[in-house]
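File shown: run-v1.txt. Contents: compact mmCIF, C-alpha atoms and all ligand atoms.
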```txt
# COMPACT_ATOMS: atom_id res chain seq x y z
CA VAL A 276 -247.99 -253.52 10.39
CA SER A 277 -249.45 -253.75 13.91
CA ILE A 278 -253.18 -253.59 14.50
CA LYS A 279 -252.51 -250.55 16.68
CA GLU A 280 -251.44 -248.56 13.63
CA ILE A 281 -254.49 -249.28 11.46
CA GLY A 282 -257.03 -249.40 14.33
CA GLU A 283 -260.23 -251.41 14.64
CA PHE A 284 -261.87 -249.86 11.58
CA GLY A 285 -258.82 -250.13 9.35
CA PHE A 286 -258.68 -253.79 10.29
CA ILE A 287 -262.37 -254.38 9.53
CA LYS A 288 -261.88 -252.78 6.12
CA LYS A 289 -258.99 -255.17 5.41
CA ILE A 290 -260.86 -258.36 6.32
CA SER A 291 -264.40 -257.57 5.13
CA ARG A 292 -263.74 -258.16 1.43
CA GLY A 293 -264.69 -261.67 0.28
CA CYS A 294 -266.82 -262.40 3.35
CA VAL A 295 -270.15 -262.60 1.52
CA VAL A 296 -270.31 -265.42 -1.04
CA ARG A 297 -274.12 -265.76 -1.15
CA PRO A 298 -275.31 -262.16 -1.44
CA ASP A 299 -278.99 -263.06 -1.98
CA ASP A 300 -281.09 -262.07 1.01
CA ILE A 301 -278.19 -260.32 2.79
CA ILE A 302 -279.49 -256.83 3.51
CA ARG A 303 -276.72 -255.54 5.82
CA PRO A 304 -273.36 -257.37 5.94
CA ILE A 305 -270.39 -256.17 8.07
CA GLY A 306 -270.58 -252.45 8.77
CA ASP A 307 -273.81 -251.71 10.61
CA ASP A 308 -274.79 -252.16 14.27
CA ALA A 309 -276.05 -255.65 13.46
CA ALA A 310 -276.10 -257.85 10.38
CA ALA A 311 -279.51 -258.15 8.69
CA PHE A 312 -280.72 -260.88 6.36
CA ARG A 313 -283.99 -262.25 5.06
CA THR A 314 -285.20 -265.53 6.55
CA ASN A 315 -288.90 -265.07 5.83
CA PRO A 316 -290.98 -262.68 3.71
CA GLU A 317 -292.33 -260.65 6.64
CA GLU A 318 -289.23 -259.56 8.47
CA LEU A 319 -285.44 -259.52 8.63
CA THR A 320 -283.32 -261.43 11.11
CA LEU A 321 -280.72 -259.36 12.96
CA VAL A 322 -277.55 -260.75 14.55
CA THR A 323 -274.98 -258.89 16.61
CA THR A 324 -272.05 -260.01 18.74
CA ASP A 325 -269.70 -258.35 21.21
CA LEU A 326 -266.59 -259.53 22.99
CA LEU A 327 -265.54 -258.09 26.36
CA VAL A 328 -262.00 -258.82 27.54
CA GLU A 329 -260.64 -258.34 31.04
CA HIS A 330 -258.01 -255.57 31.32
CA ILE A 331 -259.23 -254.10 28.00
CA HIS A 332 -262.93 -253.48 28.71
CA PHE A 333 -263.21 -254.17 32.44
CA SER A 334 -261.34 -255.22 35.54
CA ARG A 335 -262.72 -257.86 37.93
CA LYS A 336 -261.28 -255.71 40.70
CA THR A 337 -263.72 -252.89 39.98
CA ILE A 338 -266.89 -254.52 38.58
CA SER A 339 -269.14 -257.12 40.20
CA GLY A 340 -270.08 -260.24 38.28
CA PHE A 341 -273.69 -259.06 38.24
CA ASN A 342 -272.88 -255.67 36.72
CA LEU A 343 -270.50 -257.22 34.19
CA GLY A 344 -273.23 -259.66 33.15
CA HIS A 345 -275.71 -256.83 32.72
CA LYS A 346 -273.28 -254.78 30.68
CA SER A 347 -272.20 -257.70 28.44
CA LEU A 348 -275.80 -258.29 27.38
CA ALA A 349 -276.82 -254.60 27.33
CA VAL A 350 -274.20 -253.68 24.71
CA ASN A 351 -275.67 -256.29 22.36
CA LEU A 352 -279.28 -255.29 23.02
CA SER A 353 -278.24 -251.72 22.23
CA ASP A 354 -277.07 -252.80 18.76
CA ILE A 355 -280.45 -254.45 18.09
CA ALA A 356 -282.08 -251.20 19.30
CA ALA A 357 -279.96 -249.21 16.84
CA MET A 358 -281.42 -251.30 13.98
CA GLY A 359 -284.96 -250.60 15.24
CA GLY A 360 -285.39 -254.28 16.07
CA THR A 361 -286.86 -256.53 18.72
CA ALA A 362 -284.29 -258.68 20.59
CA LYS A 363 -285.04 -262.41 20.62
CA GLU A 364 -282.34 -265.00 21.51
CA ALA A 365 -278.93 -264.79 23.21
CA PHE A 366 -275.85 -267.04 23.21
CA VAL A 367 -273.25 -266.55 25.94
CA SER A 368 -269.65 -267.75 25.61
CA ILE A 369 -267.03 -267.32 28.32
CA ALA A 370 -263.32 -268.04 28.68
CA VAL A 371 -262.53 -268.47 32.35
CA PRO A 372 -259.10 -268.15 34.02
CA GLU A 373 -258.28 -270.47 36.92
CA ASP A 374 -258.37 -267.68 39.50
CA CYS A 375 -261.97 -266.69 38.72
CA PRO A 376 -264.30 -268.07 41.42
CA VAL A 377 -267.51 -269.86 40.39
CA ASP A 378 -269.37 -267.38 42.64
CA TYR A 379 -268.29 -264.54 40.34
CA LEU A 380 -269.53 -266.46 37.30
CA GLU A 381 -272.87 -267.26 38.93
CA ASP A 382 -273.24 -263.59 39.73
CA LEU A 383 -272.38 -262.80 36.10
CA TYR A 384 -275.18 -265.05 34.86
CA ARG A 385 -277.59 -263.52 37.38
CA GLY A 386 -276.87 -260.14 35.78
CA ILE A 387 -277.33 -261.52 32.28
CA LYS A 388 -280.57 -263.35 33.15
CA LYS A 389 -282.14 -260.41 34.95
CA LEU A 390 -281.67 -258.10 31.95
CA ALA A 391 -282.62 -260.86 29.50
CA SER A 392 -285.93 -261.50 31.26
CA GLU A 393 -286.62 -257.75 31.43
CA PHE A 394 -286.46 -257.59 27.62
CA ASP A 395 -288.02 -260.99 26.94
CA VAL A 396 -284.79 -262.50 25.59
CA ASN A 397 -284.04 -266.27 25.79
CA ILE A 398 -280.57 -267.55 26.53
CA LEU A 399 -280.20 -270.58 24.24
CA GLY A 400 -276.58 -271.63 24.46
CA GLY A 401 -272.94 -270.67 24.19
CA ASP A 402 -269.56 -272.13 24.98
CA THR A 403 -267.36 -272.32 28.07
CA THR A 404 -263.62 -272.72 27.88
CA ALA A 405 -260.49 -272.11 29.95
CA SER A 406 -258.31 -269.02 29.63
CA LYS A 407 -254.65 -268.51 30.61
CA SER A 408 -255.15 -265.22 32.40
CA ASP A 409 -258.09 -263.01 31.34
CA LEU A 410 -261.83 -263.50 31.70
CA MET A 411 -263.58 -263.03 28.34
CA ILE A 412 -267.30 -262.84 27.62
CA SER A 413 -268.77 -262.96 24.16
CA ILE A 414 -272.52 -262.60 23.74
CA THR A 415 -274.40 -262.96 20.47
CA VAL A 416 -277.98 -261.71 20.22
CA THR A 417 -280.50 -262.25 17.45
CA GLY A 418 -283.50 -260.06 16.74
CA SER A 419 -286.01 -259.20 14.08
CA VAL A 420 -287.36 -256.14 12.32
CA PRO A 421 -289.84 -255.55 9.47
CA GLU A 422 -287.70 -254.76 6.42
CA GLN A 423 -289.34 -251.40 5.71
CA GLU A 424 -288.76 -250.24 9.27
CA MET A 425 -285.12 -251.18 9.72
CA LEU A 426 -282.83 -248.33 10.80
CA ARG A 427 -279.44 -248.34 9.10
CA ARG A 428 -276.31 -246.22 9.23
CA ASP A 429 -276.23 -245.34 5.54
CA LYS A 430 -279.51 -243.50 4.92
CA ALA A 431 -278.85 -240.05 6.42
CA GLN A 432 -279.58 -237.18 4.03
CA PRO A 433 -278.24 -233.62 3.95
CA GLY A 434 -280.64 -231.39 5.88
CA ASP A 435 -281.72 -234.14 8.31
CA SER A 436 -281.91 -233.12 11.94
CA ILE A 437 -279.75 -235.24 14.25
CA PHE A 438 -281.35 -236.38 17.51
CA SER A 439 -279.97 -238.18 20.55
CA THR A 440 -282.07 -240.19 23.02
CA GLY A 441 -280.03 -239.20 26.05
CA TYR A 442 -276.89 -237.92 27.71
CA THR A 443 -273.37 -238.93 26.76
CA GLY A 444 -270.13 -238.65 28.73
CA GLU A 445 -271.54 -240.06 31.97
CA SER A 446 -270.09 -243.51 31.33
CA LYS A 447 -266.59 -242.07 30.88
CA ALA A 448 -267.00 -240.12 34.12
CA GLY A 449 -268.04 -243.35 35.86
CA LEU A 450 -264.96 -245.07 34.48
CA HIS A 451 -262.76 -242.25 35.79
CA ILE A 452 -264.32 -242.67 39.24
CA LEU A 453 -263.66 -246.44 39.10
CA LEU A 454 -260.09 -246.26 37.82
CA ASN A 455 -259.04 -243.63 40.31
CA SER A 456 -260.81 -245.29 43.25
CA ILE A 457 -262.73 -242.08 43.95
CA PRO A 458 -265.30 -242.76 46.68
CA ALA A 459 -268.75 -242.58 45.08
CA ALA A 460 -270.42 -241.42 48.25
CA THR A 461 -272.82 -238.95 46.60
CA GLU A 462 -275.90 -239.79 44.62
CA GLU A 463 -274.43 -237.96 41.60
CA PHE A 464 -271.29 -240.06 41.50
CA GLN A 465 -273.28 -243.25 42.09
CA SER A 466 -275.41 -242.45 39.06
CA LEU A 467 -272.28 -241.86 36.94
CA LEU A 468 -270.97 -245.26 38.03
CA ASN A 469 -274.31 -246.80 37.08
CA ALA A 470 -274.14 -245.15 33.66
CA HIS A 471 -270.83 -246.97 33.15
CA MET A 472 -271.75 -250.36 34.59
CA LEU A 473 -275.51 -250.69 34.06
CA PRO A 474 -276.27 -249.08 30.70
CA LYS A 475 -279.92 -249.10 29.66
CA PRO A 476 -280.66 -250.60 26.24
CA PHE A 477 -282.99 -248.26 24.30
CA LEU A 478 -284.97 -251.09 22.69
CA ALA A 479 -288.45 -249.62 23.10
CA GLU A 480 -287.16 -246.25 21.91
CA GLY A 481 -285.46 -247.84 18.88
CA ARG A 482 -288.70 -249.66 17.94
CA PHE A 483 -290.64 -246.40 18.27
CA LEU A 484 -288.20 -244.53 16.02
CA ALA A 485 -288.23 -247.37 13.48
CA GLN A 486 -292.02 -247.13 13.24
CA GLN A 487 -291.94 -243.40 12.52
CA LYS A 488 -292.05 -242.78 8.80
CA GLY A 489 -289.40 -240.05 8.65
CA VAL A 490 -286.51 -241.58 10.57
CA HIS A 491 -283.73 -242.12 8.03
CA SER A 492 -280.83 -243.61 9.98
CA ALA A 493 -279.63 -244.56 13.44
CA ILE A 494 -276.65 -245.83 15.42
CA ASP A 495 -275.96 -246.48 19.09
CA VAL A 496 -273.15 -244.59 20.81
CA SER A 497 -270.51 -247.10 21.82
CA ASP A 498 -267.29 -245.44 20.61
CA GLY A 499 -268.22 -241.82 21.41
CA LEU A 500 -270.81 -239.32 20.18
CA SER A 501 -268.53 -237.67 17.59
CA ALA A 502 -266.96 -240.96 16.42
CA ASP A 503 -270.32 -242.73 16.03
CA LEU A 504 -271.91 -239.75 14.28
CA MET A 505 -268.97 -239.91 11.87
CA HIS A 506 -269.88 -243.56 11.15
CA ILE A 507 -273.35 -242.41 10.02
CA ALA A 508 -271.83 -239.59 7.95
CA GLU A 509 -269.25 -241.85 6.29
CA GLU A 510 -271.71 -244.65 5.53
CA SER A 511 -274.24 -242.15 4.17
CA ASN A 512 -271.66 -240.19 2.16
CA THR A 513 -272.53 -236.99 3.99
CA GLY A 514 -271.11 -234.73 6.67
CA ALA A 515 -272.56 -233.66 9.99
CA ARG A 516 -272.67 -230.52 12.06
CA LEU A 517 -273.17 -230.48 15.84
CA TYR A 518 -274.55 -227.54 17.82
CA TYR A 519 -272.23 -226.75 20.74
CA ASP A 520 -275.15 -225.46 22.80
CA GLY A 521 -277.32 -228.44 21.85
CA ILE A 522 -275.07 -231.22 23.18
CA PRO A 523 -276.93 -232.71 26.17
CA VAL A 524 -274.81 -232.54 29.32
CA SER A 525 -276.39 -233.95 32.48
CA GLU A 526 -276.28 -232.10 35.80
CA ASN A 527 -274.35 -235.04 37.27
CA LEU A 528 -271.68 -234.77 34.58
CA LYS A 529 -271.47 -230.98 35.06
CA LYS A 530 -270.85 -231.44 38.80
CA PHE A 531 -268.23 -234.13 38.17
CA CYS A 532 -266.40 -232.05 35.57
CA ALA A 533 -266.46 -228.93 37.76
CA GLN A 534 -264.91 -230.90 40.62
CA PHE A 535 -262.12 -232.47 38.55
CA ASN A 536 -261.58 -229.65 36.10
CA PHE A 537 -262.67 -231.47 32.94
CA ASP A 538 -264.56 -230.01 29.99
CA PRO A 539 -268.08 -231.52 30.13
CA VAL A 540 -268.74 -231.04 26.39
CA GLU A 541 -265.45 -232.78 25.60
CA TYR A 542 -266.61 -235.67 27.80
CA ALA A 543 -270.01 -235.75 26.09
CA LEU A 544 -268.41 -235.75 22.62
CA THR A 545 -265.72 -238.35 23.11
CA GLY A 546 -266.78 -240.49 26.09
CA GLY A 547 -268.04 -243.74 24.59
CA GLU A 548 -269.96 -246.69 26.06
CA ASP A 549 -273.03 -244.50 26.43
CA TYR A 550 -275.43 -246.78 24.52
CA ILE A 551 -277.89 -244.03 23.74
CA LEU A 552 -279.24 -243.83 20.18
CA LEU A 553 -278.54 -241.21 17.53
CA CYS A 554 -281.00 -240.87 14.67
CA THR A 555 -281.50 -238.56 11.71
CA VAL A 556 -284.88 -237.21 10.63
CA PRO A 557 -285.89 -234.88 7.77
CA PRO A 558 -286.61 -231.39 9.16
CA ASP A 559 -290.31 -231.52 8.17
CA ASP A 560 -290.93 -234.54 10.40
CA ALA A 561 -288.51 -233.63 13.18
CA GLU A 562 -290.85 -231.61 15.37
CA ASN A 563 -293.70 -234.13 15.35
CA ILE A 564 -291.45 -237.10 16.04
CA ALA A 565 -289.77 -235.28 18.92
CA LEU A 566 -293.18 -234.36 20.41
CA ASP A 567 -294.54 -237.92 20.10
CA TYR A 568 -291.35 -239.32 21.58
CA GLN A 569 -291.58 -236.99 24.56
CA LYS A 570 -295.22 -237.96 25.07
CA LYS A 571 -294.47 -241.68 24.97
CA PHE A 572 -291.23 -241.89 26.94
CA LYS A 573 -291.52 -238.79 29.19
CA GLN A 574 -287.98 -237.97 28.07
CA PRO A 575 -286.86 -235.46 25.46
CA LEU A 576 -285.39 -236.36 22.09
CA HIS A 577 -282.44 -233.94 22.02
CA LYS A 578 -281.79 -232.12 18.76
CA ILE A 579 -278.01 -231.95 18.57
CA GLY A 580 -277.18 -231.04 14.99
CA GLU A 581 -277.83 -231.59 11.29
CA ILE A 582 -276.55 -233.67 8.39
CA THR A 583 -274.64 -231.72 5.70
CA ASP A 584 -273.23 -232.52 2.27
CA LEU A 585 -269.71 -231.40 3.24
CA LYS A 586 -268.22 -234.86 4.05
CA LYS A 587 -266.72 -233.67 7.32
CA LEU A 588 -267.65 -233.14 10.94
CA GLU A 589 -268.17 -229.60 12.21
CA MET A 590 -269.17 -227.80 15.38
CA VAL A 591 -271.44 -224.75 15.36
CA TYR A 592 -270.73 -222.37 18.25
CA SER A 593 -272.95 -219.52 19.40
CA GLY A 594 -272.92 -216.63 16.91
CA ASP A 595 -272.93 -219.21 14.06
CA ARG A 596 -269.14 -219.66 14.16
CA VAL A 597 -268.37 -223.03 12.51
CA GLU A 598 -265.20 -225.04 13.12
CA SER A 599 -264.01 -228.46 11.97
CA LEU A 600 -264.29 -231.20 14.56
CA THR A 601 -262.05 -234.26 14.69
CA PRO A 602 -264.12 -237.32 15.58
CA GLN A 603 -262.70 -238.92 18.69
CA GLY A 604 -263.59 -241.82 20.86
CA TRP A 605 -262.57 -245.03 22.48
CA ASP A 606 -259.98 -247.12 20.63
CA HIS A 607 -259.43 -250.59 22.06
CA PHE A 608 -256.00 -250.84 20.54
CA LYS A 609 -254.74 -247.59 22.01
CA SER A 610 -256.38 -247.46 25.43
CA ASN A 611 -257.31 -250.10 27.97
CA ILE A 612 -258.32 -250.69 31.53
CA LEU A 613 -255.48 -251.97 33.69
MG MG B 1 -273.36 -250.22 17.70
```

Could the structure of this file be written out as structure tokens, please?
Amino acid sequence: VSIKEIGEFGFIKKISRGCVVRPDDIIRPIGDDAAAFRTNPEELTLVTTDLLVEHIHFSRKTISGFNLGHKSLAVNLSDIAAMGGTAKEAFVSIAVPEDCPVDYLEDLYRGIKKLASEFDVNILGGDTTASKSDLMISITVTGSVPEQEMLRRDKAQPGDSIFSTGYTGESKAGLHILLNSIPAATEEFQSLLNAHMLPKPFLAEGRFLAQQKGVHSAIDVSDGLSADLMHIAEESNTGARLYYDGIPVSENLKKFCAQFNFDPVEYALTGGEDYILLCTVPPDDAENIALDYQKKFKQPLHKIGEITDLKKLEMVYSGDRVESLTPQGWDHFKSNIL
């Protein structure tokens, strides 16, 4: 069997059995945005790690060292945000091919350090090794969260409203611009490129949501809105229903899709690498939380759907027509960046 056939999640299922031999104090093992375990009575320690590989996740031809550094750290900070945590320490490992100039690597670390200092994260170590052909960057980030506040994927309940902290699909549009060498002369296209290369970690927003009493569950959107929502539904043993008219589509994405004849909602649903947060909130608390969020961050919390007990993903179109939706998103073993 090739890994392509079973996919990333089929593979994780195969290897995750037998991994935990000391279950005491392990609160979240494999299967959430970050692992969580108890190291002191007051709070949980969070750990997350991500590996970016040249020609799979990025190409040195189209991304600067600085932007790649930013992105490599941002994707990890986003996972801490999805747990409602505060990011603390980072470890950076790289495998460097002979043809990669030291200038590029210095630029990479400039990008990492700038974002790390912005979010008060130390860089405490890592490893450097040679590589035959591809540049690889693996960053591990630790964080902490009070146990009662932690946001997890498996606590959504039927009836919960589903919220998103921002727009999806822009990163995929930015990638399309990069891969097809489309000149990003306009401000709109530049901002789509930035969505792809300089994602913003929603750490403050994740902390805020974690401190609200009603918020049941959360995840960050790395694979795609529909695919990541399905992770919440599966882990929580529920289903989910999205509102077609409620999916946030930015003006920039609309312009891009109009120009290249793409469906903007399709982009928003399946794009991936958006690093916004999804969370689920019981309907009684939904309105207040959304109002407080708007007041604090001057940005809306978008209501995009609701959790159901149907164990499948659905789309609600205008006139209350409901159709099944197949979760779709980025699969590293089926697509890549050449
Ligand atoms: Mg995640």

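The space separating CA of Pro539 (chain A) from CA of Val524 (chain A) comes to 6.9 Å.
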
*What does the distance between CA of Glu445 (chain A) and atom MG of ligand MG 1 (chain B) come to in Å, to one decimal place?*
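Interatomic distance, CA of Glu445 (chain A) to atom MG of ligand MG 1 (chain B): 17.6 Å.
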
_Spatial neighbours of Ser525 (chain A), max dist 9 Å, only C-alpha atoms, sep filter under 3 positions, as an NGL selection string_ = :A and (442-445 or 528-530 or 539)

Keeping only C-alpha atoms, write those residues as a PDB file, in the coordinates of the input.
```pdb
ATOM      1  CA  TYR A 442    -276.890-237.920  27.710  1.00  0.00           C
ATOM      2  CA  THR A 443    -273.370-238.930  26.760  1.00  0.00           C
ATOM      3  CA  GLY A 444    -270.130-238.650  28.730  1.00  0.00           C
ATOM      4  CA  GLU A 445    -271.540-240.060  31.970  1.00  0.00           C
ATOM      5  CA  LEU A 528    -271.680-234.770  34.580  1.00  0.00           C
ATOM      6  CA  LYS A 529    -271.470-230.980  35.060  1.00  0.00           C
ATOM      7  CA  LYS A 530    -270.850-231.440  38.800  1.00  0.00           C
ATOM      8  CA  PRO A 539    -268.080-231.520  30.130  1.00  0.00           C
TER       9      PRO A 539
END
```

Residues of region 433-540 of chain A within 8 Å of region 409-427 of chain A: nearest atom pair and distance (Å, one decimal) for each, counting only C-alpha atoms, sorted by chain and number, as a Markdown table?
```
| residue | atom | partner | partner_atom | distance |
| --- | --- | --- | --- | --- |
| A:Ala485 | CA | A:Glu424 | CA | 5.1 |
| A:Gln486 | CA | A:Glu424 | CA | 6.0 |
| A:Val490 | CA | A:Leu426 | CA | 7.7 |
| A:His491 | CA | A:Leu426 | CA | 6.9 |
| A:Ser492 | CA | A:Arg427 | CA | 5.0 |
| A:Ala493 | CA | A:Leu426 | CA | 5.6 |
| A:Ile494 | CA | A:Arg427 | CA | 7.4 |
```

Report, as AutoDock Vina command-line options, the axis-aligned box around all atoms of region 502-518 of chain A present in the file, extended by 3 Å on each side; give centre and edge lengths in Å to one decimal place.
```
--center_x -270.8 --center_y -236.1 --center_z 10.0 --size_x 13.6 --size_y 23.1 --size_z 21.7
```

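Here the question is which of A:Gln534, A:Ser446, A:Gln603, A:Thr323 gets nearest to Pro474 (chain A) using only C-alpha atoms, and that residue is A:Ser446.
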
*For ligand MG 1 (chain B), list the contacting residues at 7 Å or closer, counting only C-alpha atoms and all ligand atoms, as a list in words.*
Asp308, Ser353, Asp354, Ala357, Ile494, Asp495, Val496 and Ser497 of chain A

Which residues are near region 452-458 of chain A? Cut-off 12 Å, all atoms listed in the file, ignore same chain within fewer than 5 positions. Put them as a PDB file with C-alpha atoms, in the coordinates of the input.
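What ended up in part_37.pdb:
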```
ATOM      1  CA  HIS A 330    -258.010-255.570  31.320  1.00  0.00           C
ATOM      2  CA  HIS A 332    -262.930-253.480  28.710  1.00  0.00           C
ATOM      3  CA  PHE A 333    -263.210-254.170  32.440  1.00  0.00           C
ATOM      4  CA  SER A 334    -261.340-255.220  35.540  1.00  0.00           C
ATOM      5  CA  ARG A 335    -262.720-257.860  37.930  1.00  0.00           C
ATOM      6  CA  LYS A 336    -261.280-255.710  40.700  1.00  0.00           C
ATOM      7  CA  THR A 337    -263.720-252.890  39.980  1.00  0.00           C
ATOM      8  CA  ILE A 338    -266.890-254.520  38.580  1.00  0.00           C
ATOM      9  CA  GLU A 445    -271.540-240.060  31.970  1.00  0.00           C
ATOM     10  CA  SER A 446    -270.090-243.510  31.330  1.00  0.00           C
ATOM     11  CA  LYS A 447    -266.590-242.070  30.880  1.00  0.00           C
ATOM     12  CA  GLU A 463    -274.430-237.960  41.600  1.00  0.00           C
ATOM     13  CA  PHE A 464    -271.290-240.060  41.500  1.00  0.00           C
ATOM     14  CA  GLN A 465    -273.280-243.250  42.090  1.00  0.00           C
ATOM     15  CA  SER A 466    -275.410-242.450  39.060  1.00  0.00           C
ATOM     16  CA  LEU A 467    -272.280-241.860  36.940  1.00  0.00           C
ATOM     17  CA  LEU A 468    -270.970-245.260  38.030  1.00  0.00           C
ATOM     18  CA  ASN A 469    -274.310-246.800  37.080  1.00  0.00           C
ATOM     19  CA  ALA A 470    -274.140-245.150  33.660  1.00  0.00           C
ATOM     20  CA  HIS A 471    -270.830-246.970  33.150  1.00  0.00           C
ATOM     21  CA  MET A 472    -271.750-250.360  34.590  1.00  0.00           C
ATOM     22  CA  LEU A 528    -271.680-234.770  34.580  1.00  0.00           C
ATOM     23  CA  PHE A 531    -268.230-234.130  38.170  1.00  0.00           C
ATOM     24  CA  CYS A 532    -266.400-232.050  35.570  1.00  0.00           C
ATOM     25  CA  GLN A 534    -264.910-230.900  40.620  1.00  0.00           C
ATOM     26  CA  PHE A 535    -262.120-232.470  38.550  1.00  0.00           C
ATOM     27  CA  ASN A 611    -257.310-250.100  27.970  1.00  0.00           C
ATOM     28  CA  ILE A 612    -258.320-250.690  31.530  1.00  0.00           C
ATOM     29  CA  LEU A 613    -255.480-251.970  33.690  1.00  0.00           C
TER      30      LEU A 613
END
```

Restrict the calculation to only C-alpha atoms, then for each residue of region 494-534 of chain A with any atom at most 12 Å from an atom of region 565-587 of chain A give the closest atom pair and their distance in Å to one decimal, rows by chain and rising residue number, as a Markdown table.
```
| residue | atom | partner | partner_atom | distance |
| --- | --- | --- | --- | --- |
| A:Leu500 | CA | A:Ile579 | CA | 10.4 |
| A:Ser501 | CA | A:Ile579 | CA | 11.1 |
| A:Ala502 | CA | A:Lys587 | CA | 11.7 |
| A:Leu504 | CA | A:Ile582 | CA | 9.7 |
| A:Met505 | CA | A:Lys587 | CA | 8.0 |
| A:His506 | CA | A:Lys587 | CA | 11.1 |
| A:Ile507 | CA | A:Ile582 | CA | 9.4 |
| A:Ala508 | CA | A:Lys586 | CA | 7.1 |
| A:Glu509 | CA | A:Lys586 | CA | 7.4 |
| A:Glu510 | CA | A:Lys586 | CA | 10.5 |
| A:Ser511 | CA | A:Lys586 | CA | 9.5 |
| A:Asn512 | CA | A:Lys586 | CA | 6.6 |
| A:Thr513 | CA | A:Lys586 | CA | 4.8 |
| A:Gly514 | CA | A:Lys586 | CA | 3.9 |
| A:Ala515 | CA | A:Ile582 | CA | 4.3 |
| A:Arg516 | CA | A:Glu581 | CA | 5.3 |
| A:Leu517 | CA | A:Gly580 | CA | 4.1 |
| A:Tyr518 | CA | A:Gly580 | CA | 5.2 |
| A:Tyr519 | CA | A:Ile579 | CA | 8.1 |
| A:Asp520 | CA | A:Ile579 | CA | 8.3 |
| A:Gly521 | CA | A:Ile579 | CA | 4.9 |
| A:Ile522 | CA | A:Ile579 | CA | 5.5 |
| A:Pro523 | CA | A:His577 | CA | 7.0 |
| A:Val524 | CA | A:His577 | CA | 10.7 |
```

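CA of Thr601 (chain A) is positioned 10.1 Å from CA of Thr545 (chain A).
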
*When distances are computed from all atoms listed in the file, which of A:Asp435, A:Asp307, A:Glu373, A:Glu381 shows the smallest separation from Asp560 (chain A)?*
A:Asp435

*Which protein, DNA or RNA residues are at most 7 Å from (-274.7, -252.7, 31.0) in the file's coordinates when you count only C-alpha atoms, listed as a list in words?*
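Output of the proximity query reads Asn342, Leu343, His345, Lys346, Ser347, Leu348, Ala349, Val350, Met472, Leu473, Pro474 and Lys475 of chain A.
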